[in-house]
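This is input-v3.tsv. It holds TSV, C-alpha atoms.
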```
chain	number	residue	atom	x	y	z
A	155	MET	CA	0.00	0.00	0.00
A	156	MET	CA	2.01	2.89	-1.40
A	157	SER	CA	0.03	5.57	0.40
A	158	LEU	CA	0.97	4.21	3.84
A	159	PRO	CA	4.13	6.37	4.32
A	160	PHE	CA	2.14	9.57	3.67
A	161	ILE	CA	-0.61	8.49	6.08
A	162	ILE	CA	1.98	7.65	8.77
A	163	PHE	CA	3.83	10.97	8.26
A	164	ALA	CA	0.53	12.88	8.42
A	165	CYS	CA	-0.23	11.05	11.69
A	166	ALA	CA	3.26	12.02	12.94
A	167	LEU	CA	2.46	15.67	12.21
A	168	GLY	CA	-0.87	15.27	14.01
A	169	ALA	CA	0.88	13.79	17.04
A	170	ALA	CA	3.38	16.66	17.01
A	171	TRP	CA	0.52	19.16	16.89
A	172	LEU	CA	-0.87	17.44	20.01
A	173	ARG	CA	2.61	17.89	21.54
A	174	GLN	CA	3.34	14.16	21.60
A	175	ARG	CA	6.94	14.40	20.44
A	176	GLY	CA	7.85	10.78	21.24
A	177	VAL	CA	4.83	9.46	19.35
A	178	ALA	CA	5.65	11.72	16.39
A	179	ILE	CA	9.23	10.45	16.21
A	180	GLY	CA	8.05	6.84	16.58
A	181	LEU	CA	5.60	7.28	13.72
A	182	TRP	CA	8.33	8.92	11.62
A	183	VAL	CA	10.60	5.90	12.17
A	184	ALA	CA	7.71	3.58	11.18
A	185	GLY	CA	7.08	5.67	8.06
A	186	VAL	CA	10.73	5.50	6.98
A	187	LEU	CA	10.79	1.72	7.55
A	188	VAL	CA	7.67	1.31	5.40
A	189	MET	CA	9.36	3.46	2.74
A	190	LEU	CA	12.39	1.18	2.77
A	191	VAL	CA	10.21	-1.94	2.45
A	192	LEU	CA	8.35	-0.38	-0.50
A	193	PHE	CA	11.66	0.65	-2.06
A	194	ARG	CA	12.90	-2.92	-1.71
A	195	ILE	CA	9.79	-4.13	-3.55
A	196	HIS	CA	10.05	-1.63	-6.40
A	197	VAL	CA	13.83	-1.31	-6.71
A	198	THR	CA	14.11	-4.32	-9.05
A	199	GLU	CA	11.39	-3.25	-11.47
A	200	VAL	CA	12.12	-4.25	-15.03
A	201	LEU	CA	14.57	-2.07	-16.90
A	202	SER	CA	14.01	-2.52	-20.62
A	203	ILE	CA	17.44	-2.08	-22.15
A	204	SER	CA	18.43	-3.79	-25.34
A	205	LEU	CA	22.17	-4.49	-25.19
B	79	MET	CA	22.27	31.85	15.64
B	80	PRO	CA	19.34	33.40	17.52
B	81	ALA	CA	16.11	31.45	17.90
B	82	GLU	CA	14.24	33.80	15.53
B	83	LEU	CA	16.75	33.20	12.73
B	84	SER	CA	16.66	29.44	13.28
B	85	ARG	CA	12.85	29.53	13.12
B	86	LEU	CA	12.92	31.61	9.93
B	87	LEU	CA	15.44	29.32	8.23
B	88	ASN	CA	13.46	26.23	9.21
B	89	ALA	CA	10.23	27.80	7.94
B	90	LEU	CA	11.95	28.62	4.63
B	91	GLY	CA	13.28	25.06	4.45
B	92	LEU	CA	9.78	23.67	4.92
B	93	ILE	CA	8.46	26.07	2.27
B	94	ALA	CA	11.13	24.74	-0.12
B	95	ILE	CA	9.91	21.19	0.51
B	96	VAL	CA	6.30	22.31	0.11
B	97	THR	CA	7.30	23.90	-3.22
B	98	ALA	CA	8.95	20.67	-4.42
B	99	LEU	CA	5.87	18.61	-3.49
B	100	SER	CA	3.58	21.19	-5.11
B	101	ILE	CA	5.52	21.15	-8.39
B	102	ALA	CA	5.17	17.35	-8.47
B	103	PHE	CA	1.42	17.74	-7.92
B	104	VAL	CA	1.11	20.37	-10.68
B	105	ASP	CA	2.97	18.05	-13.05
B	106	GLN	CA	0.60	15.24	-12.11
B	107	LEU	CA	-2.69	17.14	-12.24
B	108	TRP	CA	-2.07	19.79	-14.90
B	109	PHE	CA	0.18	17.86	-17.30
B	110	ARG	CA	-1.41	14.46	-16.49
B	111	ASP	CA	1.99	12.96	-15.71
B	112	LEU	CA	1.16	10.17	-13.25
B	113	PRO	CA	3.97	9.30	-10.81
B	114	CYS	CA	5.58	5.85	-10.91
B	115	PRO	CA	6.17	3.93	-7.63
B	116	LEU	CA	9.75	5.24	-7.33
B	117	CYS	CA	8.48	8.80	-7.99
B	118	ILE	CA	5.89	8.36	-5.23
B	119	LEU	CA	8.60	7.14	-2.85
B	120	GLN	CA	10.68	10.23	-3.63
B	121	ARG	CA	7.70	12.37	-2.65
B	122	ALA	CA	7.56	10.32	0.57
B	123	GLY	CA	11.28	11.09	1.03
B	124	PHE	CA	10.57	14.82	0.86
B	125	THR	CA	7.71	14.32	3.33
B	126	ALA	CA	9.99	12.37	5.71
B	127	ALA	CA	12.59	15.14	5.55
B	128	GLY	CA	9.88	17.75	6.09
B	129	VAL	CA	8.62	16.08	9.28
B	130	GLY	CA	12.01	16.77	10.93
B	131	ILE	CA	11.77	20.45	9.98
B	132	ALA	CA	8.15	20.54	11.17
B	133	LEU	CA	9.27	19.21	14.59
B	134	ASN	CA	11.92	21.95	14.67
B	135	LEU	CA	9.18	24.51	14.15
B	136	MET	CA	6.80	23.00	16.71
B	137	PHE	CA	9.17	21.91	19.49
B	138	GLY	CA	12.13	24.16	18.80
B	139	PRO	CA	15.35	23.16	17.05
B	140	ARG	CA	17.01	19.94	18.24
B	141	PRO	CA	19.84	17.92	16.72
B	142	SER	CA	17.55	14.85	16.56
B	143	HIS	CA	15.09	16.76	14.35
B	144	TYR	CA	17.88	17.74	11.96
B	145	GLY	CA	18.95	14.08	12.02
B	146	MET	CA	15.44	13.06	10.94
B	147	THR	CA	15.62	15.54	8.06
B	148	ILE	CA	19.03	14.28	6.95
B	149	LEU	CA	17.96	10.62	7.19
B	150	GLY	CA	14.69	11.22	5.34
B	151	ALA	CA	16.53	13.11	2.59
B	152	SER	CA	19.16	10.35	2.40
B	153	VAL	CA	16.52	7.67	1.83
B	154	GLY	CA	14.86	9.90	-0.78
B	155	ALA	CA	18.22	10.54	-2.46
B	156	SER	CA	18.89	6.78	-2.65
B	157	ILE	CA	15.58	6.30	-4.46
B	158	SER	CA	16.36	9.19	-6.84
B	159	ILE	CA	19.79	7.75	-7.62
B	160	ARG	CA	18.22	4.37	-8.36
B	161	GLN	CA	15.76	5.95	-10.80
B	162	ILE	CA	18.48	8.04	-12.47
B	163	LEU	CA	20.53	4.85	-12.91
B	164	LEU	CA	17.52	3.17	-14.54
B	165	HIS	CA	17.63	5.75	-17.32
B	166	ILE	CA	21.31	6.68	-17.42
B	167	VAL	CA	22.22	4.48	-20.39
B	168	PRO	CA	21.68	6.45	-23.64
B	169	GLY	CA	18.65	5.21	-25.54
B	170	THR	CA	16.85	3.78	-22.51
B	171	GLY	CA	14.34	6.59	-22.45
B	172	SER	CA	13.12	8.45	-19.39
B	173	TYR	CA	10.07	8.74	-17.21
B	174	GLY	CA	7.76	11.75	-17.23
B	175	ASN	CA	8.21	15.30	-18.40
B	176	ALA	CA	11.49	17.23	-18.27
B	177	ILE	CA	11.59	20.62	-16.53
B	178	PHE	CA	14.41	22.91	-17.69
B	179	GLY	CA	16.10	19.91	-19.28
B	180	LEU	CA	16.08	17.68	-16.21
B	181	HIS	CA	13.50	15.09	-15.19
B	182	LEU	CA	11.76	15.28	-11.84
B	183	TYR	CA	13.85	12.46	-10.36
B	184	THR	CA	17.05	14.37	-11.19
B	185	TRP	CA	15.62	17.56	-9.66
B	186	ALA	CA	14.60	15.44	-6.66
B	187	LEU	CA	18.20	14.29	-6.15
B	188	ILE	CA	19.38	17.92	-6.29
B	189	GLY	CA	16.65	18.82	-3.77
B	190	PHE	CA	17.62	16.01	-1.40
B	191	ALA	CA	21.31	16.96	-1.62
B	192	LEU	CA	20.49	20.60	-0.87
B	193	THR	CA	18.31	19.51	2.07
B	194	ILE	CA	21.17	17.47	3.55
B	195	VAL	CA	23.71	20.29	3.10
B	196	TRP	CA	21.26	22.88	4.45
B	197	SER	CA	20.59	20.77	7.57
B	198	ALA	CA	24.29	20.15	8.14
B	199	ILE	CA	25.03	23.89	7.90
B	200	LEU	CA	22.23	24.76	10.34
B	201	LEU	CA	23.56	22.13	12.77
B	202	PHE	CA	26.83	24.06	13.02
B	203	ASP	CA	25.41	26.73	15.35
B	204	ASP	CA	24.82	25.36	18.86
B	205	ARG	CA	23.28	28.58	20.19
B	206	GLN	CA	19.92	27.79	18.60
B	207	PHE	CA	19.55	24.83	21.00
B	208	GLU	CA	20.15	26.83	24.21
B	209	ASN	CA	16.98	28.87	24.81
B	210	PRO	CA	13.92	27.29	23.22
B	211	GLU	CA	11.08	29.72	22.56
B	212	PRO	CA	7.59	29.09	23.96
B	213	TRP	CA	5.14	27.21	21.72
B	214	SER	CA	2.96	30.27	21.10
B	215	LYS	CA	5.88	32.42	19.91
B	216	ARG	CA	7.27	29.78	17.58
B	217	LEU	CA	4.17	29.34	15.47
B	218	ASP	CA	3.66	32.76	13.91
B	219	VAL	CA	2.29	33.31	10.41
B	220	LEU	CA	5.12	31.97	8.21
B	221	PRO	CA	5.86	28.72	10.12
B	222	LEU	CA	2.15	28.06	10.66
B	223	THR	CA	1.35	28.54	6.96
B	224	ALA	CA	4.22	26.26	5.99
B	225	LEU	CA	3.12	23.60	8.51
B	226	ILE	CA	-0.53	23.61	7.42
B	227	THR	CA	0.37	23.48	3.72
B	228	PHE	CA	2.85	20.67	4.37
B	229	PHE	CA	0.25	18.67	6.31
B	230	LEU	CA	-2.32	19.15	3.52
B	231	LEU	CA	0.23	18.03	0.90
B	232	ALA	CA	1.01	14.88	2.92
B	233	LEU	CA	-2.72	14.09	3.04
B	234	GLY	CA	-3.11	15.00	-0.64
B	235	ASN	CA	-0.31	12.63	-1.59
B	236	ALA	CA	-1.92	9.87	0.50
B	237	VAL	CA	-5.22	10.29	-1.38
B	238	SER	CA	-3.53	10.64	-4.79
B	239	THR	CA	-1.40	7.54	-4.23
B	240	LEU	CA	-4.46	5.63	-3.08
B	241	LEU	CA	-6.25	6.57	-6.32
B	242	ILE	CA	-3.26	5.61	-8.50
B	243	CYS	CA	-2.18	2.40	-6.76
B	244	GLY	CA	-5.41	1.18	-5.18
B	245	VAL	CA	-5.87	-0.24	-1.72
B	246	GLY	CA	-4.30	-3.61	-2.37
B	247	LEU	CA	-1.35	-5.15	-0.63
B	248	LEU	CA	2.31	-4.44	-1.37
B	249	GLY	CA	3.51	-4.63	-4.96
B	250	GLN	CA	0.21	-3.89	-6.67
B	251	CYS	CA	1.17	-0.42	-7.89
B	252	PRO	CA	1.92	-0.51	-11.64
B	253	ALA	CA	5.47	0.42	-12.66
B	254	ASN	CA	4.19	2.72	-15.41
B	255	PRO	CA	0.74	3.95	-14.35
B	256	ALA	CA	-1.40	5.32	-17.18
B	257	HIS	CA	-4.59	5.96	-15.22
B	258	TYR	CA	-6.00	6.13	-11.71
B	259	LEU	CA	-6.60	2.53	-10.66
B	260	LEU	CA	-9.42	3.38	-8.24
B	261	LEU	CA	-11.26	5.61	-10.74
B	262	GLU	CA	-11.67	2.92	-13.37
```
Translate the structure described by the file into structure tokens.
Amino acid sequence: MMSLPFIIFACALGAAWLRQRGVAIGLWVAGVLVMLVLFRIHVTEVLSISL
Amino acid sequence: MPAELSRLLNALGLIAIVTALSIAFVDQLWFRDLPCPLCILQRAGFTAAGVGIALNLMFGPRPSHYGMTILGASVGASISIRQILLHIVPGTGSYGNAIFGLHLYTWALIGFALTIVWSAILLFDDRQFENPEPWSKRLDVLPLTALITFFLLALGNAVSTLLICGVGLLGQCPANPAHYLLLE
């Protein structure tokens, strides 16, 4: 679910607005980890080169 | 560096990220140039970097917040580099429209590099960490506008990505999206 990082980062901003700094940083870490997983999935997408 | 200057520079940094995300949105909506999965992840990289700046604006500057910005930009830069390498061989084509001769993923790498350098330069001055301003003073017009716009862009990207990639599990997003999957 590619939209998950944005949702998590938006939640982190919401937590920061509610002055929950620890929660905001935790959500940010989760968002970055999800990004890395999604990058791992899409990093090997087919490159059509004719050599 | 006094607290006011730190706040101003952080607000300008967040506005720069908001500008980058807005340009990507204009390219998507106005020129109908749908983002690929790697393009979407680069937008997420800018959002990750922006959260660190947003925390600087809301809680006052802290080294950990700058660290978040640098890490977020580093992940985004890695994704940009990967996409540049996909198209670096002559004759392999490119993805999306070019702006001033460079594609968005190349501009994204420049943006991430500038974000990292900008954060590192701001980290040099320890005085900004000494006397944090009260919450009410920190969020005047410029930082507040930047924060609200940034939040709306994060939500907008979540909705846009949902429309392009659908609600399915990982890996469903097409590598070369031609239409909004959820609007079919």
Restrict the calculation to only C-alpha atoms, then for each residue of chain A with any atom at most 9 Å from an atom of chain B give the closest atom pair and their distance in Å to one decimal, rows by chain and rising residue number, as a tab-separated table.
```
residue	atom	partner	partner_atom	distance
A:Met155	CA	B:Leu248	CA	5.2
A:Met156	CA	B:Thr239	CA	6.4
A:Ser157	CA	B:Ala236	CA	4.7
A:Leu158	CA	B:Ala236	CA	7.2
A:Pro159	CA	B:Ala122	CA	6.4
A:Phe160	CA	B:Ala236	CA	5.2
A:Ile161	CA	B:Ala236	CA	5.9
A:Phe163	CA	B:Ala126	CA	6.8
A:Ala164	CA	B:Ala232	CA	5.9
A:Ala166	CA	B:Val129	CA	7.7
A:Leu167	CA	B:Val129	CA	6.8
A:Gly168	CA	B:Phe229	CA	8.5
A:Ala170	CA	B:Leu133	CA	6.9
A:Trp171	CA	B:Met136	CA	7.4
A:Arg173	CA	B:Phe137	CA	8.0
A:Arg175	CA	B:Phe137	CA	7.9
A:Ala178	CA	B:Leu133	CA	8.5
A:Ile179	CA	B:Met146	CA	8.6
A:Trp182	CA	B:Ala126	CA	7.0
A:Val183	CA	B:Met146	CA	8.7
A:Gly185	CA	B:Ala126	CA	7.7
A:Val186	CA	B:Ala126	CA	7.0
A:Met189	CA	B:Leu119	CA	6.7
A:Leu190	CA	B:Val153	CA	7.7
A:Leu192	CA	B:Leu248	CA	7.3
A:Phe193	CA	B:Leu119	CA	7.2
A:Ile195	CA	B:Gly249	CA	6.5
A:His196	CA	B:Pro115	CA	6.9
A:Val197	CA	B:Arg160	CA	7.4
A:Glu199	CA	B:Ala253	CA	7.1
A:Val200	CA	B:Ala253	CA	8.5
A:Leu201	CA	B:Leu164	CA	6.5
A:Ser202	CA	B:Thr170	CA	7.2
A:Ile203	CA	B:Thr170	CA	5.9
A:Ser204	CA	B:Thr170	CA	8.2
```
Next on the checklist: I'd like the contact shell of range 79-94 of chain B - 7 Å cut-off, all atoms listed in the file, skipping same-chain residues fewer than 2 positions apart - returned as a ChimeraX atom specification.
Outcome noted: /B:96-98,128,131,135,203,205-206,220-221,224
Item to check | range 174-179 of chain B surroundings by only C-alpha atoms, 9 Å radius, close-in-sequence under 6 positions cut, as an MDAnalysis selection string | outcome: chainID B and resid 105 109 111:114 185
Checklist entry - Any idea what the distance is between CA of Thr147 in chain B and CA of Ser197 in chain B? => result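 Interatomic distance, CA of Thr147 in chain B to CA of Ser197 in chain B: 7.2 Å.
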Item to check | Separation of CA of Ile194 in chain B from CA of Ser152 in chain B, in Å and rounded to one decimal | outcome: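 Interatomic distance, CA of Ile194 in chain B to CA of Ser152 in chain B: 7.5 Å.
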Checklist outcome for this item: Taken to one decimal, the CA of Cys117 in chain B-CA of Ala155 in chain B distance is 11.3 Å
